[in-house]
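So this one's query-v4.cif, mmCIF, C-alpha atoms and all ligand atoms:
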data_coords
#
loop_
_atom_site.label_atom_id
_atom_site.label_comp_id
_atom_site.auth_asym_id
_atom_site.auth_seq_id
_atom_site.Cartn_x
_atom_site.Cartn_y
_atom_site.Cartn_z
CA MET F 1 111.03 268.16 187.84
CA ASN F 2 113.67 269.11 185.27
CA LEU F 3 115.26 265.83 184.17
CA HIS F 4 118.16 267.61 182.43
CA LEU F 5 117.78 265.65 179.21
CA LYS F 6 118.13 268.56 176.79
CA ASN F 7 121.04 267.96 174.37
CA LYS F 8 120.94 264.22 174.99
CA ARG F 9 120.46 261.89 172.03
CA ALA F 10 118.51 258.64 172.43
CA LEU F 11 117.74 255.51 170.43
CA VAL F 12 114.59 253.57 171.37
CA SER F 13 114.39 250.16 169.67
CA GLY F 14 110.85 249.19 168.62
CA SER F 15 109.32 252.62 169.16
CA THR F 16 106.51 252.91 166.61
CA SER F 17 103.94 251.73 169.17
CA GLY F 18 103.39 250.57 172.74
CA ILE F 19 105.88 251.21 175.53
CA GLY F 20 108.63 252.22 173.08
CA LEU F 21 106.49 254.96 171.54
CA ALA F 22 105.50 256.28 174.99
CA VAL F 23 109.18 256.37 176.03
CA ALA F 24 110.17 258.15 172.80
CA LYS F 25 107.37 260.68 173.33
CA LEU F 26 108.39 261.46 176.90
CA LEU F 27 112.11 261.66 176.08
CA ALA F 28 111.25 264.12 173.30
CA LYS F 29 109.06 266.12 175.69
CA GLU F 30 112.02 266.35 178.08
CA GLY F 31 114.08 267.86 175.23
CA ALA F 32 116.08 264.84 174.07
CA GLU F 33 116.62 264.12 170.39
CA VAL F 34 115.12 260.70 169.68
CA VAL F 35 115.77 258.10 167.00
CA ILE F 36 112.59 256.09 166.38
CA ASN F 37 112.79 252.51 165.08
CA GLY F 38 110.40 249.99 163.57
CA ARG F 39 110.27 247.68 160.57
CA SER F 40 108.64 250.06 158.12
CA GLN F 41 109.01 253.70 157.13
CA THR F 42 105.22 254.15 157.22
CA ARG F 43 105.00 253.10 160.88
CA ILE F 44 107.96 255.36 161.72
CA ASP F 45 106.34 258.30 159.92
CA ASN F 46 103.07 257.68 161.79
CA ALA F 47 104.92 257.59 165.12
CA ILE F 48 106.74 260.84 164.33
CA THR F 49 103.47 262.50 163.27
CA SER F 50 101.75 261.37 166.49
CA ILE F 51 104.56 262.78 168.67
CA LYS F 52 104.71 266.04 166.70
CA LYS F 53 100.97 266.51 167.13
CA ASP F 54 101.63 267.28 170.83
CA GLN F 55 105.17 268.57 170.50
CA ALA F 56 105.70 270.44 167.27
CA THR F 57 109.36 271.19 168.04
CA ALA F 58 110.30 267.61 169.01
CA ARG F 59 113.62 266.53 167.51
CA LEU F 60 112.97 263.14 165.89
CA THR F 61 114.50 260.95 163.22
CA GLY F 62 113.66 257.40 162.21
CA ILE F 63 115.59 254.33 161.09
CA VAL F 64 113.95 251.24 159.62
CA ALA F 65 115.48 248.00 160.91
CA ASP F 66 114.31 244.48 161.65
CA PHE F 67 115.91 243.02 164.79
CA ASN F 68 115.31 239.53 163.47
CA ASP F 69 117.81 240.27 160.70
CA GLU F 70 121.46 240.77 161.69
CA THR F 71 122.35 242.65 158.48
CA SER F 72 119.52 245.07 159.11
CA VAL F 73 120.78 245.67 162.69
CA ARG F 74 124.32 246.31 161.40
CA SER F 75 122.94 248.88 158.97
CA LEU F 76 120.96 250.59 161.77
CA ILE F 77 124.09 250.81 163.94
CA LYS F 78 126.01 252.46 161.08
CA GLN F 79 123.25 255.01 160.52
CA VAL F 80 122.54 256.00 164.14
CA GLY F 81 125.74 257.91 165.00
CA ASP F 82 126.58 258.77 168.61
CA ILE F 83 123.92 258.38 171.27
CA ASP F 84 123.84 259.14 175.00
CA ILE F 85 120.82 256.99 175.82
CA LEU F 86 119.97 253.50 174.58
CA ILE F 87 116.57 252.02 175.37
CA ASN F 88 116.61 248.29 174.59
CA ASN F 89 112.85 248.03 174.24
CA VAL F 90 112.08 245.83 171.24
CA GLY F 91 110.51 242.53 172.22
CA ILE F 92 108.02 239.95 171.01
CA PHE F 93 106.01 237.41 172.97
CA LYS F 94 103.96 234.32 172.28
CA SER F 95 101.63 232.40 174.56
CA GLN F 96 102.62 228.79 173.81
CA GLY F 97 102.99 225.50 175.61
CA PHE F 98 106.59 224.38 176.21
CA ASN F 99 106.28 221.37 173.87
CA GLU F 100 104.73 223.48 171.13
CA THR F 101 107.62 225.95 171.24
CA ASP F 102 110.07 224.68 168.63
CA ASP F 103 113.69 225.67 167.98
CA ALA F 104 112.65 228.29 165.44
CA ASP F 105 110.43 229.98 168.06
CA TRP F 106 113.25 229.95 170.65
CA LYS F 107 115.75 231.34 168.13
CA GLU F 108 113.43 234.11 166.95
CA MET F 109 112.59 235.08 170.52
CA PHE F 110 116.25 235.18 171.58
CA ASN F 111 117.32 236.98 168.41
CA ILE F 112 114.78 239.78 168.80
CA ASN F 113 114.47 240.02 172.59
CA VAL F 114 118.07 239.36 173.67
CA MET F 115 120.50 239.71 170.76
CA SER F 116 118.98 243.06 169.75
CA SER F 117 120.12 244.54 173.05
CA VAL F 118 123.46 242.68 173.02
CA ARG F 119 124.25 244.04 169.55
CA LEU F 120 123.14 247.60 170.35
CA SER F 121 124.90 247.71 173.72
CA ARG F 122 128.15 246.38 172.18
CA ALA F 123 127.94 249.09 169.53
CA PHE F 124 127.10 252.06 171.77
CA LEU F 125 128.57 251.41 175.25
CA PRO F 126 132.23 252.09 174.23
CA ASN F 127 131.40 255.61 173.12
CA MET F 128 129.36 256.27 176.26
CA LEU F 129 132.39 255.18 178.33
CA GLU F 130 134.66 257.44 176.28
CA ASN F 131 132.29 260.38 176.93
CA ASN F 132 132.01 259.33 180.58
CA TRP F 133 128.22 259.64 180.38
CA GLY F 134 125.49 257.33 179.18
CA ARG F 135 122.33 255.46 180.02
CA ILE F 136 121.35 251.96 178.90
CA ILE F 137 117.92 250.69 179.92
CA PHE F 138 116.76 247.14 179.27
CA ILE F 139 112.99 246.65 179.08
CA SER F 140 112.56 243.28 180.73
CA SER F 141 109.19 242.08 182.09
CA GLU F 142 107.45 240.83 185.21
CA CYS F 143 107.63 237.46 183.37
CA ALA F 144 111.38 237.40 184.06
CA MET F 145 110.45 236.50 187.62
CA LEU F 146 106.87 235.20 187.41
CA VAL F 147 107.64 232.80 184.50
CA PRO F 148 104.07 231.99 183.34
CA GLU F 149 103.91 228.38 182.10
CA ASP F 150 102.61 229.42 178.69
CA MET F 151 105.49 231.89 178.21
CA ILE F 152 108.62 230.01 179.25
CA ALA F 153 110.66 231.04 176.19
CA TYR F 154 109.63 234.70 176.50
CA SER F 155 110.32 234.68 180.24
CA ALA F 156 113.77 233.16 179.67
CA THR F 157 114.67 236.01 177.30
CA LYS F 158 113.52 238.54 179.87
CA THR F 159 115.55 236.90 182.66
CA ALA F 160 118.60 236.86 180.37
CA LEU F 161 118.30 240.65 180.00
CA LEU F 162 118.67 241.08 183.77
CA SER F 163 122.07 239.34 183.74
CA ILE F 164 123.30 241.26 180.71
CA SER F 165 122.18 244.53 182.24
CA ARG F 166 123.85 243.87 185.61
CA GLY F 167 127.02 242.65 183.88
CA LEU F 168 127.26 245.76 181.72
CA ALA F 169 126.75 248.03 184.73
CA GLN F 170 129.81 246.32 186.23
CA VAL F 171 131.74 246.77 182.97
CA ALA F 172 130.98 250.51 183.25
CA ARG F 173 132.28 250.65 186.86
CA GLY F 174 133.90 253.93 187.83
CA SER F 175 132.15 255.93 185.09
CA GLU F 176 129.01 258.08 184.90
CA VAL F 177 127.41 255.46 182.64
CA THR F 178 124.55 253.57 184.29
CA VAL F 179 122.87 250.39 183.09
CA ASN F 180 119.53 249.28 184.55
CA SER F 181 116.59 247.01 183.80
CA ILE F 182 112.93 247.76 184.20
CA MET F 183 110.31 245.04 184.65
CA PRO F 184 106.95 246.33 183.41
CA GLY F 185 103.80 244.49 184.38
CA SER F 186 100.84 243.86 182.09
CA THR F 187 100.52 247.07 180.10
CA TYR F 188 97.61 248.38 178.07
CA THR F 189 99.29 248.60 174.66
CA GLU F 190 97.60 248.47 171.26
CA GLY F 191 98.39 244.71 171.29
CA ALA F 192 96.61 244.23 174.63
CA GLN F 193 93.66 246.31 173.38
CA GLN F 194 93.38 244.18 170.24
CA PHE F 195 93.62 240.94 172.25
CA LEU F 196 90.85 242.02 174.63
CA LYS F 197 88.67 243.19 171.75
CA GLU F 198 88.97 239.87 169.91
CA ARG F 199 88.32 237.79 173.05
CA SER F 200 85.39 240.02 173.93
CA LEU F 201 83.76 239.37 170.53
CA GLN F 202 84.51 235.62 170.66
CA GLU F 203 83.22 235.14 174.18
CA ASN F 204 80.50 237.79 174.21
CA VAL F 205 81.91 239.30 177.41
CA SER F 206 82.86 242.96 177.82
CA GLU F 207 86.51 243.98 177.61
CA GLN F 208 86.21 245.39 181.13
CA GLN F 209 85.04 241.99 182.45
CA LEU F 210 87.87 240.20 180.67
CA ALA F 211 90.43 242.61 182.12
CA GLU F 212 89.00 242.18 185.63
CA GLU F 213 89.01 238.38 185.21
CA PHE F 214 92.66 238.49 184.06
CA PHE F 215 93.71 240.24 187.28
CA LYS F 216 91.56 237.94 189.41
CA SER F 217 92.82 234.65 187.99
CA THR F 218 95.94 235.00 185.81
CA ARG F 219 97.72 237.95 187.44
CA SER F 220 96.21 237.65 190.91
CA THR F 221 99.47 238.77 192.53
CA SER F 222 99.08 242.26 191.05
CA LEU F 223 98.62 244.83 193.82
CA LEU F 224 97.43 247.47 191.37
CA GLY F 225 94.84 245.10 189.91
CA ARG F 226 94.69 246.76 186.50
CA PHE F 227 96.79 247.21 183.36
CA THR F 228 99.38 249.95 183.63
CA THR F 229 99.34 252.51 180.86
CA THR F 230 102.33 252.88 178.53
CA GLU F 231 102.84 256.38 179.97
CA GLU F 232 103.12 254.95 183.50
CA ILE F 233 105.99 252.73 182.31
CA ALA F 234 107.60 255.52 180.29
CA SER F 235 107.81 257.82 183.32
CA THR F 236 109.93 255.26 185.18
CA VAL F 237 112.14 254.66 182.14
CA VAL F 238 112.71 258.34 181.42
CA TYR F 239 113.49 259.16 185.06
CA LEU F 240 116.26 256.52 184.99
CA CYS F 241 117.67 258.23 181.88
CA SER F 242 118.15 261.45 183.82
CA PRO F 243 121.48 262.57 185.28
CA LEU F 244 119.46 262.84 188.54
CA ALA F 245 119.14 259.03 188.61
CA VAL F 246 122.89 258.32 188.68
CA ALA F 247 122.69 256.54 192.04
CA THR F 248 120.53 253.79 190.55
CA ASN F 249 122.90 251.48 188.71
CA GLY F 250 123.01 247.75 187.95
CA ALA F 251 119.47 247.57 189.30
CA THR F 252 116.29 245.80 188.31
CA ILE F 253 113.40 248.17 188.87
CA LYS F 254 109.87 246.82 189.14
CA ALA F 255 107.18 248.79 187.31
CA ASP F 256 104.76 245.89 187.55
CA GLY F 257 101.99 247.22 189.79
CA GLY F 258 103.41 244.97 192.50
CA SER F 259 102.76 241.71 190.63
CA VAL F 260 106.13 240.16 191.45
CA PRO F 261 105.79 239.17 195.10
CA GLY F 262 108.45 239.83 197.69
CA ILE F 263 110.43 242.72 199.07
CA LEU F 264 113.17 242.85 196.46
N1 LIG F 301 102.91 245.07 176.81
C1 LIG F 301 103.15 244.51 177.96
O1 LIG F 301 102.23 244.16 178.74
C2 LIG F 301 104.57 244.29 178.42
C3 LIG F 301 104.80 243.85 179.73
C4 LIG F 301 106.11 243.67 180.14
C5 LIG F 301 107.16 243.90 179.27
N2 LIG F 301 106.90 244.30 177.99
C6 LIG F 301 108.05 244.53 177.11
O2 LIG F 301 108.04 245.87 176.68
C7 LIG F 301 108.60 245.96 175.37
C8 LIG F 301 107.62 246.66 174.46
O3 LIG F 301 106.43 245.89 174.43
P1 LIG F 301 105.07 246.45 173.81
O4 LIG F 301 103.99 245.55 174.28
O5 LIG F 301 104.99 247.91 174.03
O6 LIG F 301 105.32 246.16 172.27
P2 LIG F 301 104.38 246.43 171.02
O7 LIG F 301 103.24 247.31 171.37
O8 LIG F 301 104.08 245.09 170.45
O9 LIG F 301 105.36 247.23 170.08
C9 LIG F 301 106.39 246.57 169.51
C10 LIG F 301 107.32 247.56 168.86
O10 LIG F 301 108.44 246.81 168.45
C11 LIG F 301 108.58 246.91 167.06
N3 LIG F 301 109.05 245.62 166.55
C12 LIG F 301 108.48 244.40 166.71
N4 LIG F 301 109.25 243.47 166.12
C13 LIG F 301 110.32 244.12 165.61
C14 LIG F 301 111.48 243.72 164.90
N5 LIG F 301 111.69 242.44 164.57
N6 LIG F 301 112.38 244.65 164.55
C15 LIG F 301 112.19 245.97 164.85
N7 LIG F 301 111.11 246.42 165.52
C16 LIG F 301 110.19 245.50 165.88
C17 LIG F 301 107.24 247.32 166.49
O11 LIG F 301 107.47 248.06 165.33
P3 LIG F 301 106.81 247.75 163.89
O12 LIG F 301 105.62 246.88 164.11
O13 LIG F 301 106.48 249.12 163.38
O14 LIG F 301 107.89 247.10 163.12
C18 LIG F 301 106.74 248.22 167.62
O15 LIG F 301 107.30 249.50 167.51
C19 LIG F 301 108.90 244.53 174.94
O16 LIG F 301 110.25 244.25 175.17
C20 LIG F 301 108.01 243.69 175.85
O17 LIG F 301 108.52 242.41 176.05
C21 LIG F 301 105.63 244.51 177.55
#
Could you quickly redo this structure as C-alpha cells?
Ligand SMILES: NC(=O)c1ccc[n+]([C@@H]2O[C@H](COP(=O)([O-])OP(=O)(O)OC[C@H]3O[C@@H](n4cnc5c(N)ncnc54)[C@H](OP(=O)(O)O)[C@@H]3O)[C@@H](O)[C@H]2O)c1
Amino acid sequence: MNLHLKNKRALVSGSTSGIGLAVAKLLAKEGAEVVINGRSQTRIDNAITSIKKDQATARLTGIVADFNDETSVRSLIKQVGDIDILINNVGIFKSQGFNETDDADWKEMFNINVMSSVRLSRAFLPNMLENNWGRIIFISSECAMLVPEDMIAYSATKTALLSISRGLAQVARGSEVTVNSIMPGSTYTEGAQQFLKERSLQENVSEQQLAEEFFKSTRSTSLLGRFTTTEEIASTVVYLCSPLAVATNGATIKADGGSVPGIL
C-alpha cells in the first residue's frame, strides 16, 4: 500500500531505540524526512547509521534534547522547523509501589511522559492548522486502561495523554489535521530484552519461560499471548500518519494484542 508520505516531514521524540526507532525507520522507508531525537549525539548517530544500513537514501537529521529539561525542549523546538507529523513517543516507566513513589518520581514521570507532548503539540499544531494538514500521534500504553498496581504513576501519565489527544483533535475540528492515540501492549524492546536477560540469570530460568510466565500471570488478558515487536507497533503508527487514515480522528487505537478487555 502506498501511504503517500513522501515529502512529509516528521519528528519522533525518543527515537534512538525501541518503538520510536521502529517508527522513525518505517516513516523513512515510506519516504518521509525524519528528525530523530535522544539525549546524546552518539545515540542519534547510531540510530541514523542503523536506519541507513537498510535505507541508504533515507532522509534523516537528529536533534539532541532531554525532555526532563524545559530549556532543552525549547531549544529542540527552535531547531526543528516546520513538521507535518509529530509522534509524541518519548516515555519512561518505573515499577514501584504507590507509597514508594515520591513527588520527585511523579514530577519526572509527568514532565517526560506528558509535558513533552504538551510542549511539542503546542509548538507544532498551529502550523499544521495553517497548512490544513498534519498528524499528531500520542504513544500511550495498555497501562492507561489496565493500571497495574505497581505502575500507578506511569499509568496516570498514559491516561492523561488520551484526554490531551482527544481534546486536540477537537481543537483541530474542520481541518485535515488528525490527532490520535495508540495504546501499545507489552513490546519486545531493548529494555524488555535486558530485563528478561537479567531476571533469567538471577532466577536461572530461560528468557522464554519468563516471557511465557509473564503472559500467564501478569498479562493474562493478552489475547496474543506474546510480546509484540516494535515493528508491529510502528506499522499501526505509520498507517495513522498517512493521508489515507484521515477518517480516524480523536481516537484511541489499541495495539495491545487484545490485552485491554472489552469491545471498545
Ligand atoms: N515497551 C513497551 O512495552 C511499551 C508498552 C506500551 C507503551 N510504551 C510506550 O512507548 C514509548 C516508547 O517506549 P520504548 O519502550 O520503546 O522506549 P525505550 O526503548 O526505553 O526508548 C526510549 C527512547 O526515549 C529516549 N528517551 C528516554 N528518556 C528521554 C528524555 N528524558 N529525553 C529525550 N529522550 C529520552 C531514549 O533515548 P536516549 O536513551 O538515547 O536518550 C530512547 O530513544 C513510551 O512512551 C512508552 O511508555 C512502551
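Shortest atom-to-atom contact with ligand LIG 301 (chain F) among F:Arg119, F:Arg59, F:Arg43, F:Lys216: F:Arg43, counting all atoms listed in the file.
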Legend entry - Env. residues ligand LIG 301 (chain F) / 6 Å / all atoms listed in the file / as a PyMOL selection string: chain F and resi 14-20+38-40+43+65-68+89-92+112+139-142+184-187+189-191
Quick one: write out the picked residues with C-alpha atoms as a CSV table (one decimal), keeping the file's coordinate frame?
chain,number,residue,atom,x,y,z
F,14,GLY,CA,110.8,249.2,168.6
F,15,SER,CA,109.3,252.6,169.2
F,16,THR,CA,106.5,252.9,166.6
F,17,SER,CA,103.9,251.7,169.2
F,18,GLY,CA,103.4,250.6,172.7
F,19,ILE,CA,105.9,251.2,175.5
F,20,GLY,CA,108.6,252.2,173.1
F,38,GLY,CA,110.4,250.0,163.6
F,39,ARG,CA,110.3,247.7,160.6
F,40,SER,CA,108.6,250.1,158.1
F,43,ARG,CA,105.0,253.1,160.9
F,65,ALA,CA,115.5,248.0,160.9
F,66,ASP,CA,114.3,244.5,161.6
F,67,PHE,CA,115.9,243.0,164.8
F,68,ASN,CA,115.3,239.5,163.5
F,89,ASN,CA,112.8,248.0,174.2
F,90,VAL,CA,112.1,245.8,171.2
F,91,GLY,CA,110.5,242.5,172.2
F,92,ILE,CA,108.0,240.0,171.0
F,112,ILE,CA,114.8,239.8,168.8
F,139,ILE,CA,113.0,246.6,179.1
F,140,SER,CA,112.6,243.3,180.7
F,141,SER,CA,109.2,242.1,182.1
F,142,GLU,CA,107.4,240.8,185.2
F,184,PRO,CA,107.0,246.3,183.4
F,185,GLY,CA,103.8,244.5,184.4
F,186,SER,CA,100.8,243.9,182.1
F,187,THR,CA,100.5,247.1,180.1
F,189,THR,CA,99.3,248.6,174.7
F,190,GLU,CA,97.6,248.5,171.3
F,191,GLY,CA,98.4,244.7,171.3
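Separating atom CA of F:Ala251 from atom CA of F:Ser181 is a distance of 6.2 Å.
Between F:Gly262 and the candidates F:Ala10, F:Ile136, F:Leu146, F:Ala22, the tightest atom-to-atom separation, counting all atoms listed in the file, involves F:Leu146.
Ranking F:Asp84, F:Glu198, F:Glu70, F:Glu30 by their shortest atom-to-atom distance to F:Lys8, with all atoms listed in the file included, puts F:Asp84 first.
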Inset, instruction - Using only C-alpha atoms, find the one residue out of F:Val35, F:Ala56, F:Val177, F:Ala28 that sits nearest to F:Ala234. - result: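 Closest candidate: F:Ala28.
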